[in-house]
Amino acid sequence: MVMFLMQASSCSKKEVINDPIPSETVTDIDGNVYNTVTLGTQVWMVENLKTTKYRDGTNIPNVTDGIAWANLTTPAYCWYNNDLTVKNNYGALYNEYAVNTGKLCPTGWHVSTENDWNTLISYLGGNDAAGYKIKEKGTTHWLGLNTGATNESGFTALPGGNRLDYDGSAFQGLGYTCGWWGGRGVSYEGKITGWYIDEGTGGSVRCVKD
């Protein structure tokens, strides 16, 4: 089950951040190239992870069948609605078993943690402000209202949706929400929220430099 819960703002005053610092690109084992951005003391990928292999070259199982996905207790990934055309914009959806291998991100990088998100949110001025600062502007990818989004951080959050754990044939949220492993999500409404999910849910991954 997927739940988005509002988090209390971690900062009561308006914060001013410097312009994002473009960083080096990084390439995963599949040859996908990701832009990165430096925000405070952190370096984040600007796109969601889309690798189909662990960094040691081992294939990650691509599970398309809904019943099989719902009953998994082992690592897997999929594309939203099992549609490969979403890859470039939204990346892949991984279950927690895949995340917990510690081998998803390229060498020198790791899947974002709750502490990583807390550091980013604090740098961007708290939950009330940070969601707007990380979201892509406009409605090219964000459907419905996207009022207030500035993407001034350069993070470029896109609404990749998720795959449900209890009904693996069901996908939800493309165009409206994004949830990342590490316990944070953002919706078209703006604020960063808590994203509390079961290990079988398919969620997006953002990698952070070690």
# chains A, B, ... in the order shown; residues from 1 in each chain; ligands from 1
>>> residues_around(residues="Ile29 (chain A)", least_positions_apart="6", cutoff="8 Å", atoms="only C-alpha atoms", output="list of chain:residue names")
A:Thr51, A:Lys53, A:Tyr54, A:Arg55, A:Asp56, A:Gly57, A:Pro106
>>> residues_around(residues="region 31-35 of chain A", least_positions_apart="3", cutoff="9 Å", atoms="only C-alpha atoms", output="ChimeraX atom specification")
/A:22-28,44-51
>>> closest_residue(among="A:Gln42, A:Asn71, A:Thr193, A:Thr201", to="Ser112 (chain A)", atoms="only C-alpha atoms")
A:Gln42
>>> residues_around(residues="region 141-144 of chain A", least_positions_apart="6", cutoff="9 Å", atoms="only C-alpha atoms", output="PyMOL selection string")
chain A and resi 89+135+158-159+174-177+187-188
>>> atom_distance(atom1="CA of Glu152 (chain A)", atom2="CA of Tyr132 (chain A)")
8.4 Å
>>> residues_around(residues="Asp83 (chain A)", least_positions_apart="5", cutoff="12 Å", atoms="only C-alpha atoms", output="list in words")
Asn62, Thr64, Cys78, Asn88, Asn89, Tyr90, Gly91, Ala92, Leu93, Phe171 and Leu174 of chain A
>>> residues_around(residues="Thr113 (chain A)", least_positions_apart="2", cutoff="10 Å", atoms="only C-alpha atoms", output="PyMOL selection string")
chain A and resi 110-111+115-119+180-184+206-208
>>> write_last_selection(atoms="C-alpha atoms", output="PDB file, in the first residue's frame")
ATOM      1  CA  HIS A 110      23.920   5.081  -3.512  1.00  0.00           C
ATOM      2  CA  VAL A 111      20.127   5.036  -3.421  1.00  0.00           C
ATOM      3  CA  ASN A 115      18.904  11.275   5.844  1.00  0.00           C
ATOM      4  CA  ASP A 116      19.825  12.363   2.310  1.00  0.00           C
ATOM      5  CA  TRP A 117      16.311  13.677   1.795  1.00  0.00           C
ATOM      6  CA  ASN A 118      16.282  15.464   5.126  1.00  0.00           C
ATOM      7  CA  THR A 119      19.547  17.200   4.232  1.00  0.00           C
ATOM      8  CA  TRP A 180      11.362   7.718  -4.287  1.00  0.00           C
ATOM      9  CA  TRP A 181      12.979   5.050  -2.197  1.00  0.00           C
ATOM     10  CA  GLY A 182      14.267   6.860   0.854  1.00  0.00           C
ATOM     11  CA  GLY A 183      10.780   7.746   1.994  1.00  0.00           C
ATOM     12  CA  ARG A 184       9.894  10.932   0.169  1.00  0.00           C
ATOM     13  CA  ARG A 206      17.396   8.829  -7.265  1.00  0.00           C
ATOM     14  CA  CYS A 207      21.078   8.204  -6.666  1.00  0.00           C
ATOM     15  CA  VAL A 208      23.276  10.394  -4.468  1.00  0.00           C
TER      16      VAL A 208
END
>>> residues_around(residues="Val43 (chain A)", least_positions_apart="3", cutoff="8 Å", atoms="only C-alpha atoms", output="ChimeraX atom specification")
/A:23,36-39,208-209
>>> select_by_dssp(residues="region 17-177 of chain A", states="strand (DSSP E or B)", output="PyMOL selection string")
chain A and resi 21-22+26-27+33-34+36-39+42-45+53+59+62+77-78+93-94+109-111+135+157+160-163+171-174+177
>>> atom_distance(atom1="CA of Asn151 (chain A)", atom2="CA of Val205 (chain A)")
18.4 Å
>>> select_by_dssp(residues="region 4-144 of chain A", states="alpha helix (DSSP H)", output="number ranges by chain")
A: 66-70, 87-90, 96-99, 114-123, 127-134
>>> residues_around(residues="Gly131 (chain A)", least_positions_apart="5", cutoff="9 Å", atoms="only C-alpha atoms", output="list in words")
Ile121, Leu124, Gly126, Ala149, Asn151, Ala157, Gly185, Val186, Ser187, Glu189, Gly190, Lys191, Ile192 and Thr193 of chain A
>>> closest_residue(among="A:Gly148, A:Pro61, A:Gly138, A:Pro75", to="Glu199 (chain A)", atoms="only C-alpha atoms")
A:Pro75
>>> decode(residues="region 157-185 of chain A", atoms="N, CA and C atoms", output="mmCIF file, in the first residue's frame")
data_model
loop_
_atom_site.group_PDB
_atom_site.id
_atom_site.type_symbol
_atom_site.label_atom_id
_atom_site.label_comp_id
_atom_site.auth_asym_id
_atom_site.auth_seq_id
_atom_site.Cartn_x
_atom_site.Cartn_y
_atom_site.Cartn_z
ATOM 1 N N ALA A 157 12.217 17.055 -10.725
ATOM 2 C CA ALA A 157 11.348 15.944 -10.344
ATOM 3 C C ALA A 157 10.220 15.783 -11.349
ATOM 4 N N LEU A 158 10.014 14.551 -11.806
ATOM 5 C CA LEU A 158 8.956 14.218 -12.744
ATOM 6 C C LEU A 158 8.033 13.174 -12.117
ATOM 7 N N PRO A 159 6.754 13.181 -12.516
ATOM 8 C CA PRO A 159 5.759 12.312 -11.882
ATOM 9 C C PRO A 159 5.717 10.915 -12.488
ATOM 10 N N GLY A 160 6.617 10.054 -12.037
ATOM 11 C CA GLY A 160 6.736 8.721 -12.614
ATOM 12 C C GLY A 160 5.784 7.680 -12.078
ATOM 13 N N GLY A 161 4.973 8.024 -11.045
ATOM 14 C CA GLY A 161 4.002 7.080 -10.515
ATOM 15 C C GLY A 161 4.647 5.914 -9.798
ATOM 16 N N ASN A 162 3.870 4.846 -9.580
ATOM 17 C CA ASN A 162 4.383 3.663 -8.895
ATOM 18 C C ASN A 162 3.561 2.439 -9.270
ATOM 19 N N ARG A 163 4.067 1.271 -8.857
ATOM 20 C CA ARG A 163 3.352 0.007 -9.062
ATOM 21 C C ARG A 163 2.937 -0.527 -7.699
ATOM 22 N N LEU A 164 1.699 -0.964 -7.565
ATOM 23 C CA LEU A 164 1.189 -1.412 -6.278
ATOM 24 C C LEU A 164 1.725 -2.795 -5.928
ATOM 25 N N ASP A 165 1.951 -3.001 -4.630
ATOM 26 C CA ASP A 165 2.471 -4.284 -4.181
ATOM 27 C C ASP A 165 1.381 -5.340 -4.066
ATOM 28 N N TYR A 166 0.176 -4.957 -3.635
ATOM 29 C CA TYR A 166 -0.890 -5.933 -3.398
ATOM 30 C C TYR A 166 -1.653 -6.299 -4.675
ATOM 31 N N ASP A 167 -1.471 -5.529 -5.716
ATOM 32 C CA ASP A 167 -2.078 -5.818 -7.016
ATOM 33 C C ASP A 167 -1.075 -5.408 -8.078
ATOM 34 N N GLY A 168 -0.184 -6.318 -8.410
ATOM 35 C CA GLY A 168 0.927 -5.990 -9.305
ATOM 36 C C GLY A 168 0.510 -5.602 -10.703
ATOM 37 N N SER A 169 -0.769 -5.820 -11.046
ATOM 38 C CA SER A 169 -1.241 -5.388 -12.358
ATOM 39 C C SER A 169 -1.640 -3.928 -12.359
ATOM 40 N N ALA A 170 -1.642 -3.301 -11.169
ATOM 41 C CA ALA A 170 -2.118 -1.925 -11.041
ATOM 42 C C ALA A 170 -0.953 -0.946 -10.911
ATOM 43 N N PHE A 171 -0.983 0.070 -11.741
ATOM 44 C CA PHE A 171 -0.035 1.179 -11.671
ATOM 45 C C PHE A 171 -0.835 2.442 -11.388
ATOM 46 N N GLN A 172 -0.229 3.408 -10.690
ATOM 47 C CA GLN A 172 -0.969 4.622 -10.395
ATOM 48 C C GLN A 172 -0.027 5.827 -10.338
ATOM 49 N N GLY A 173 -0.579 6.981 -10.668
ATOM 50 C CA GLY A 173 0.109 8.238 -10.402
ATOM 51 C C GLY A 173 0.932 8.834 -11.516
ATOM 52 N N LEU A 174 1.064 8.164 -12.661
ATOM 53 C CA LEU A 174 1.866 8.756 -13.733
ATOM 54 C C LEU A 174 1.262 10.102 -14.129
ATOM 55 N N GLY A 175 2.083 11.142 -14.107
ATOM 56 C CA GLY A 175 1.617 12.481 -14.413
ATOM 57 C C GLY A 175 1.200 13.284 -13.200
ATOM 58 N N TYR A 176 1.056 12.595 -12.038
ATOM 59 C CA TYR A 176 0.529 13.271 -10.855
ATOM 60 C C TYR A 176 1.414 13.154 -9.610
ATOM 61 N N THR A 177 2.113 12.035 -9.458
ATOM 62 C CA THR A 177 2.919 11.833 -8.256
ATOM 63 C C THR A 177 4.227 11.136 -8.591
ATOM 64 N N CYS A 178 5.173 11.285 -7.673
ATOM 65 C CA CYS A 178 6.401 10.513 -7.744
ATOM 66 C C CYS A 178 6.809 10.145 -6.322
ATOM 67 N N GLY A 179 7.180 8.898 -6.105
ATOM 68 C CA GLY A 179 7.689 8.464 -4.810
ATOM 69 C C GLY A 179 9.040 7.820 -4.994
ATOM 70 N N TRP A 180 9.998 8.242 -4.185
ATOM 71 C CA TRP A 180 11.362 7.718 -4.287
ATOM 72 C C TRP A 180 11.681 6.862 -3.088
ATOM 73 N N TRP A 181 12.449 5.801 -3.308
ATOM 74 C CA TRP A 181 12.979 5.050 -2.197
ATOM 75 C C TRP A 181 13.855 5.978 -1.368
ATOM 76 N N GLY A 182 13.689 5.892 -0.059
ATOM 77 C CA GLY A 182 14.267 6.860 0.854
ATOM 78 C C GLY A 182 13.168 7.584 1.601
ATOM 79 N N GLY A 183 11.908 7.287 1.204
ATOM 80 C CA GLY A 183 10.780 7.746 1.994
ATOM 81 C C GLY A 183 10.238 9.121 1.706
ATOM 82 N N ARG A 184 10.434 9.621 0.497
ATOM 83 C CA ARG A 184 9.894 10.932 0.169
ATOM 84 C C ARG A 184 9.202 10.893 -1.183
ATOM 85 N N GLY A 185 8.187 11.729 -1.314
ATOM 86 C CA GLY A 185 7.465 11.834 -2.561
ATOM 87 C C GLY A 185 7.007 13.255 -2.782
#
